[in-house]
Amino acid sequence: MAVAFEQKPRYTTEDLLEIMKALRSPEGCPWDREQTHESIRSSLIEEAHELVEAIDDRDDAEMCEELGDVLLQVVFHAEMAAEESRFCYDDVVDGICKKLIVRHPHVFGDVKADTAGEVLKNWDAIKRQTKGTTAQSTLLKHLPRTLPALMRAAKVQDRARRVGFDWPSVDGALQALESETAELKEAIAQGDQAAIDEEFGDLLFSAVNVSRFIHTEAELALSAATEKFIRRFTRVEELAAQAGLEMSSASLEELDALWDKAKSEET
């Protein structure tokens, strides 16, 4: 038996909430009824990444659609929580509205903040206060461990910077990068896998530190470098086929020459 629902030329957030209730109802969709917070956890991450890709592509139509998909995840989780009388969608909206008002006293209160830096300083102070602590490390600890590692490293470093824990210039960050490279080489020479893992992590962390000083997002830079590698690898494969070479059996010198050719075609 179909669930009765009014067809409209344009729907609202209230309609979305009603649709989700219908999907989760006994007369609704078997798949939607079976889902839990845990079962659709990865969907939220996937939808967020698809939204980011649409933003990067500057595709308004795709961005609009993906924003809807992210909103659906919020509504889905809120409805499941409401069914268990834990919280509802209105609680989610109420909470974020209150948070925005409290953390923007320069807009909704009498605090003065004329620059973005002052806003962030106030934001951090208020966040520590609402968490019931004065420890600066709280701002670092509350970053989700599930963030992409490069992104999390950059955010940790940026929050440490806000309280003055930072190199005065990129020179210090570059020196630290060189030092970590030397330590990694030493660990490799010693054949100590635990030390290799640790030093490689330190090297990546230092590389992210450099990225902050040169105003480059490490996550985006690595993503672009990966795309570039895929593009050039694809071209090497094409060139190898044209030359009658099998990549799996071609020599390193032959492949390197093809790589140089693929690289030169882009300049």
# chains A, B, ... in the order shown; residues from 1 in each chain; ligands from 1
>>> residues_around(residues="Gln73 (chain A)", least_positions_apart="3", cutoff="12 Å", atoms="only C-alpha atoms", output="list in words")
Leu16, Leu17, Met20, Asp32, Gln35, Thr36, His37, Ser39, Ile40, Arg41, Ser42, Ser43, Leu44, Ile45, Glu46, Glu47, Ala48, Glu66, Leu67, Gly68, Asp69, Val70, Phe76, His77, Ala78, Glu79, Met80 and Tyr89 of chain A
>>> select_by_dssp(residues="region 31-129 of chain A", states="helix (DSSP H, G or I)", output="PyMOL selection string")
chain A and resi 31-34+41-56+60-83+89-102+105-108+116-129
>>> closest_residue(among="A:Val170, A:Ile126, A:Ala61, A:Leu258", to="Ile214 (chain A)", atoms="only C-alpha atoms")
A:Val170
>>> closest_residue(among="A:Thr13, A:Gln190, A:Ser85, A:Asn122", to="His104 (chain A)", atoms="only C-alpha atoms")
A:Asn122
>>> atom_distance(atom1="CA of Leu203 (chain A)", atom2="CA of Ala182 (chain A)")
9.5 Å
>>> closest_residue(among="A:Glu227, A:Asp202, A:Asp57, A:Val92", to="Val74 (chain A)", atoms="only C-alpha atoms")
A:Val92
>>> atom_distance(atom1="CA of Ala176 (chain A)", atom2="CA of Ala160 (chain A)")
16.5 Å
